[in-house]
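First comes the structure, then the notes that go with it.
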Amino acid sequence: MRWTLKPKPDYKIVENLQKAIQVDATVATLLVQRGIETYETAKKFFRPSLDDLHDPFSMKDMHKAVERIEMALLQNENILVYGDYDVDGTASVALLSSYLRTKSDRIATYIPDRYEEGYGISYKGIDFASDNEFSLIIALDCGIKAIEKVDYASKKGIDFIICDHHRPGNQLPKAIAILDPKREDCSYPYKELCGCGVGFKLIQALASKEGKTAEDLVEYLDLVATAIGADIVPITNENRVLAYFGLQVINSNPRPGIKAIIAEVKKEELTITDVVFIIAPRINAAGRMKHGNHAVTLLTETDFNLATRYAIDINTYNLERKEADQKITKEALAQIIDNKEEECLTTVVYQDSWHKGVIGIVASRLIETYYRPTLVFTKSGDGELAASARSVKGFDVYNALEACSDYIEQFGGHKYAAGLTLKEENYVAFKQAFEDEVSKTIDRSLLTPEIKVDTKIELSTITPRFYRVLRQFAPFGPGNMTPVFMTEHLKDTGYGKCVGEDDKHLRITVTQNNQKITGIGFNLGDKLHFIKDYKQFNAVYSIDENHWQGVVSLQLKIRDIKD
């Protein structure tokens, strides 16, 4: 691991903020690092308000989208709400369809089959709309590159409204309206909304025509917060406000489907991390293992007893997903070793029998072992292969794929995650081209995992009051990560030991200048030698609470140890 200490912010700015909001220097430093330098910005950070949400009509084409939907509702048109099969897509469809059903009984939903139709708008979906007399399709979390599909729909007399957050290509589809903050001609002040966030802006705009505000739409924010966590978008600016209030809904009065998932796992107060690791995988498992419709059904169900039955089914899909993920990861790692590719700068693996629904998870797992841009391919029918791409921090895998587009049929995604298809005969040539492109463009230091350290502190800084203030930095996520500290010249009290299955984890009690605190290092069992015999060592860690037999105490969550 590379430890990178963030630059110290301007001392004067830190000092002024410290005085303005009455916090200690460490807290003021953490805030300034996050771009919070004044009393006003600190107030917005610590006390998020729905009033801080941007005007939805400042998004390009919002007026057009609202006018077309209002006309459809007035004329009793059949409206099809169409979305991707992942968490962001299914949450978006649940959100918009739930809202529109309060206005009309002519609303239906459509999630493409991951295996038969693939990602995004499909001809099969448009044919379904045509056969069932839908005159308007509203696509969420997809559609920004569906140029031919939108033209095809238009010839069948079907209008499209696209709500997306992915990067557009050189040409935009000829839809009635395209809501995407990443459009170059869109002046919307915040560019990092997820698909469900764009969907929320649409219902915010629709509701405003009836004199309603975001306060009247809070019940939908459990879906938005779930999508924000699952899609790993920055939790800054507007996303932070939406996630903050969405978590309140999740923890106080969530919709029956989310309540049923929480009841299944018996967890009380959920953080955004819990959303990412508890709620999101279960919702995702429906689209991965069966069909994304199951997720929409769960998220739109109003009867808790029925929702509980659906949640049990979805939990079963999640267990199946875990088994497939473990098996494929094992096979992929063996393939890397068999092909003697440990020294490559990329990981590209393929097996025709791998489950298409879990290859994205497997790509992330492989990065845990071989930290480099990774693609996992499987058979996709008709002589085509499909892949999920994942990247390392700091490297844009989307750009790398664009450079190899001669070998690719289609691709889309983000800087760190993408999907693509190619013809089977192009696989070998693509694999070499991708390795060559990454070799040419990647900074080699990015191939070593990095821990970004906010600041150095002494153990004496860690007090209950300090931790209470840190907790108010939540919700955490990209752009506002959990603070990571470094402390030097630590010693173990002599009771440090490995714990857990196969002694994988490290449990220690550290001291510095008569201060003492316990720490747990998950998967750091192999670091035991650093702390033996009262040797001095340095550690990077975050701070959390340890709950044991009714006693709550602060502990270090250790990320790494060095001598």
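The chains in the structure tokens are called A, B, ... from first to last as shown; in each chain the residues are counted from 1, and the ligands are counted from 1 in the order shown.
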
For this session: Report as a PyMOL selection string: the residues of range 94-273 of chain A with a DSSP assignment of helix (DSSP H, G or I), based on the backbone of this structure.
Result: chain A and resi 94-100+123-131+147-155+195-208+214-231+237-252+256-265+272-273

Problem set entry | Of the listed residues A:Ile176, A:Val14, A:Met1, A:Ile508, that which approaches Thr29 in chain A most closely, counting only C-alpha atoms |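 The shortest atom-to-atom distance to Thr29 in chain A comes from A:Val14.
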
Exercise. So which one's closest to Arg183 in chain A, A:Lys290, A:Arg507, A:Lys60, A:Lys156? Using only C-alpha atoms, please.
Worked result: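 For Arg183 in chain A, the nearest of the candidates is A:Lys60.
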
Problem set entry | Residue neighbourhood Cys404 in chain A, 9 Å, only C-alpha atoms, exclusion window fewer than 4 positions, as JSON, numbers by chain | {"A": [399, 400, 408, 430, 433, 434, 437]}

Contact table range 350-466 of chain A vs range 145-151 of chain A, cut-off 12 Å, shortest pair per residue, only C-alpha atoms, as JSON lines:
```
{"residue": "A:Gln410", "atom": "CA", "partner": "A:Lys145", "partner_atom": "CA", "distance": 9.8}
{"residue": "A:Phe411", "atom": "CA", "partner": "A:Lys145", "partner_atom": "CA", "distance": 9.6}
{"residue": "A:Gly412", "atom": "CA", "partner": "A:Lys145", "partner_atom": "CA", "distance": 8.4}
{"residue": "A:Gly413", "atom": "CA", "partner": "A:Lys145", "partner_atom": "CA", "distance": 10.7}
```

Problem set entry | Shell of 12 Å around Asn239 in chain A, only C-alpha atoms, local chain residues under 2 positions omitted, as a PyMOL selection string | chain A and resi 45+48-50+52-54+190-198+200-201+221+224-229+231-237+241-247+475-480

For the selection just defined, write its residues with N, CA and C atoms to a file, as a tab-separated table (two decimals), in the first residue's frame.
```tsv
chain	number	residue	atom	x	y	z
A	45	PHE	N	-22.99	22.06	5.27
A	45	PHE	CA	-22.41	20.72	5.36
A	45	PHE	C	-22.99	19.95	6.55
A	48	PRO	N	-27.67	19.73	6.33
A	48	PRO	CA	-28.21	19.71	4.96
A	48	PRO	C	-29.68	20.10	4.96
A	49	SER	N	-30.09	20.77	3.89
A	49	SER	CA	-31.48	21.22	3.77
A	49	SER	C	-31.98	20.93	2.36
A	50	LEU	N	-33.24	20.55	2.28
A	50	LEU	CA	-33.85	20.32	0.97
A	50	LEU	C	-33.93	21.62	0.17
A	52	ASP	N	-31.54	23.42	-0.35
A	52	ASP	CA	-30.28	23.53	-1.08
A	52	ASP	C	-30.30	22.78	-2.42
A	53	LEU	N	-31.39	22.05	-2.69
A	53	LEU	CA	-31.48	21.35	-3.98
A	53	LEU	C	-31.62	22.38	-5.11
A	54	HIS	N	-31.03	22.05	-6.25
A	54	HIS	CA	-31.05	22.98	-7.39
A	54	HIS	C	-32.41	22.95	-8.08
A	190	TYR	N	-24.90	20.82	-11.06
A	190	TYR	CA	-24.28	19.64	-10.46
A	190	TYR	C	-24.31	18.49	-11.45
A	191	LYS	N	-23.16	17.94	-11.76
A	191	LYS	CA	-23.02	16.97	-12.85
A	191	LYS	C	-23.02	15.52	-12.40
A	192	GLU	N	-23.04	15.25	-11.09
A	192	GLU	CA	-22.75	13.89	-10.60
A	192	GLU	C	-23.97	13.12	-10.11
A	193	LEU	N	-25.16	13.52	-10.51
A	193	LEU	CA	-26.36	12.77	-10.13
A	193	LEU	C	-26.29	11.35	-10.68
A	194	CYS	N	-26.90	10.40	-9.96
A	194	CYS	CA	-27.08	9.06	-10.52
A	194	CYS	C	-28.36	9.07	-11.34
A	195	GLY	N	-28.69	7.96	-12.00
A	195	GLY	CA	-29.90	7.90	-12.81
A	195	GLY	C	-31.15	8.18	-11.99
A	196	CYS	N	-31.21	7.62	-10.80
A	196	CYS	CA	-32.37	7.83	-9.92
A	196	CYS	C	-32.43	9.29	-9.47
A	197	GLY	N	-31.27	9.92	-9.33
A	197	GLY	CA	-31.22	11.35	-9.00
A	197	GLY	C	-31.83	12.18	-10.10
A	198	VAL	N	-31.53	11.84	-11.37
A	198	VAL	CA	-32.14	12.54	-12.51
A	198	VAL	C	-33.65	12.30	-12.51
A	200	PHE	N	-35.47	11.76	-9.90
A	200	PHE	CA	-36.04	12.58	-8.81
A	200	PHE	C	-36.20	14.02	-9.27
A	201	LYS	N	-35.21	14.55	-10.01
A	201	LYS	CA	-35.33	15.93	-10.50
A	201	LYS	C	-36.56	16.06	-11.40
A	221	LEU	N	-37.17	9.39	-1.28
A	221	LEU	CA	-35.73	9.55	-1.13
A	221	LEU	C	-35.02	8.29	-0.62
A	224	VAL	N	-33.70	7.01	-3.77
A	224	VAL	CA	-32.59	7.83	-4.28
A	224	VAL	C	-31.30	7.55	-3.51
A	225	ALA	N	-31.41	7.48	-2.17
A	225	ALA	CA	-30.22	7.20	-1.34
A	225	ALA	C	-29.65	5.82	-1.65
A	226	THR	N	-30.53	4.85	-1.88
A	226	THR	CA	-30.07	3.50	-2.22
A	226	THR	C	-29.31	3.51	-3.54
A	227	ALA	N	-29.83	4.23	-4.53
A	227	ALA	CA	-29.17	4.31	-5.83
A	227	ALA	C	-27.85	5.07	-5.75
A	228	ILE	N	-27.80	6.14	-4.96
A	228	ILE	CA	-26.57	6.91	-4.79
A	228	ILE	C	-25.47	6.03	-4.21
A	229	GLY	N	-25.82	5.26	-3.16
A	229	GLY	CA	-24.85	4.37	-2.54
A	229	GLY	C	-24.40	3.28	-3.50
A	231	ASP	N	-24.49	3.14	-6.80
A	231	ASP	CA	-23.83	3.56	-8.05
A	231	ASP	C	-22.48	4.25	-7.79
A	232	ILE	N	-22.13	4.39	-6.52
A	232	ILE	CA	-20.84	4.95	-6.09
A	232	ILE	C	-20.57	6.30	-6.77
A	233	VAL	N	-21.59	7.15	-6.78
A	233	VAL	CA	-21.39	8.53	-7.26
A	233	VAL	C	-20.89	9.39	-6.09
A	234	PRO	N	-20.28	10.53	-6.37
A	234	PRO	CA	-19.79	11.38	-5.27
A	234	PRO	C	-20.92	11.79	-4.32
A	235	ILE	N	-20.65	11.71	-3.02
A	235	ILE	CA	-21.64	12.16	-2.05
A	235	ILE	C	-21.25	13.58	-1.63
A	236	THR	N	-21.45	14.46	-2.59
A	236	THR	CA	-21.15	15.88	-2.42
A	236	THR	C	-22.36	16.66	-2.89
A	237	ASN	N	-22.39	17.96	-2.53
A	237	ASN	CA	-23.39	18.87	-3.08
A	237	ASN	C	-24.79	18.27	-2.99
A	241	VAL	N	-27.19	15.97	0.02
A	241	VAL	CA	-28.50	16.33	0.58
A	241	VAL	C	-29.49	15.18	0.36
A	242	LEU	N	-29.53	14.66	-0.85
A	242	LEU	CA	-30.46	13.56	-1.17
A	242	LEU	C	-30.16	12.31	-0.35
A	243	ALA	N	-28.86	11.99	-0.20
A	243	ALA	CA	-28.47	10.81	0.59
A	243	ALA	C	-28.79	11.01	2.07
A	244	TYR	N	-28.55	12.21	2.58
A	244	TYR	CA	-28.79	12.53	4.00
A	244	TYR	C	-30.26	12.31	4.35
A	245	PHE	N	-31.15	12.89	3.55
A	245	PHE	CA	-32.58	12.76	3.86
A	245	PHE	C	-33.10	11.37	3.48
A	246	GLY	N	-32.49	10.76	2.46
A	246	GLY	CA	-32.88	9.40	2.10
A	246	GLY	C	-32.56	8.41	3.19
A	247	LEU	N	-31.41	8.58	3.84
A	247	LEU	CA	-31.06	7.70	4.97
A	247	LEU	C	-32.03	7.88	6.13
A	475	PRO	N	-23.40	11.58	5.50
A	475	PRO	CA	-23.03	10.30	4.89
A	475	PRO	C	-21.72	10.37	4.11
A	476	PHE	N	-20.94	9.30	4.26
A	476	PHE	CA	-19.63	9.23	3.62
A	476	PHE	C	-19.72	8.56	2.25
A	477	GLY	N	-18.77	8.88	1.41
A	477	GLY	CA	-18.70	8.30	0.07
A	477	GLY	C	-17.71	9.08	-0.75
A	478	PRO	N	-17.59	8.77	-2.04
A	478	PRO	CA	-16.65	9.51	-2.89
A	478	PRO	C	-16.84	11.02	-2.76
A	479	GLY	N	-15.73	11.74	-2.61
A	479	GLY	CA	-15.80	13.19	-2.42
A	479	GLY	C	-15.95	13.59	-0.97
A	480	ASN	N	-16.35	12.65	-0.13
A	480	ASN	CA	-16.46	12.90	1.31
A	480	ASN	C	-16.25	11.57	2.04
```
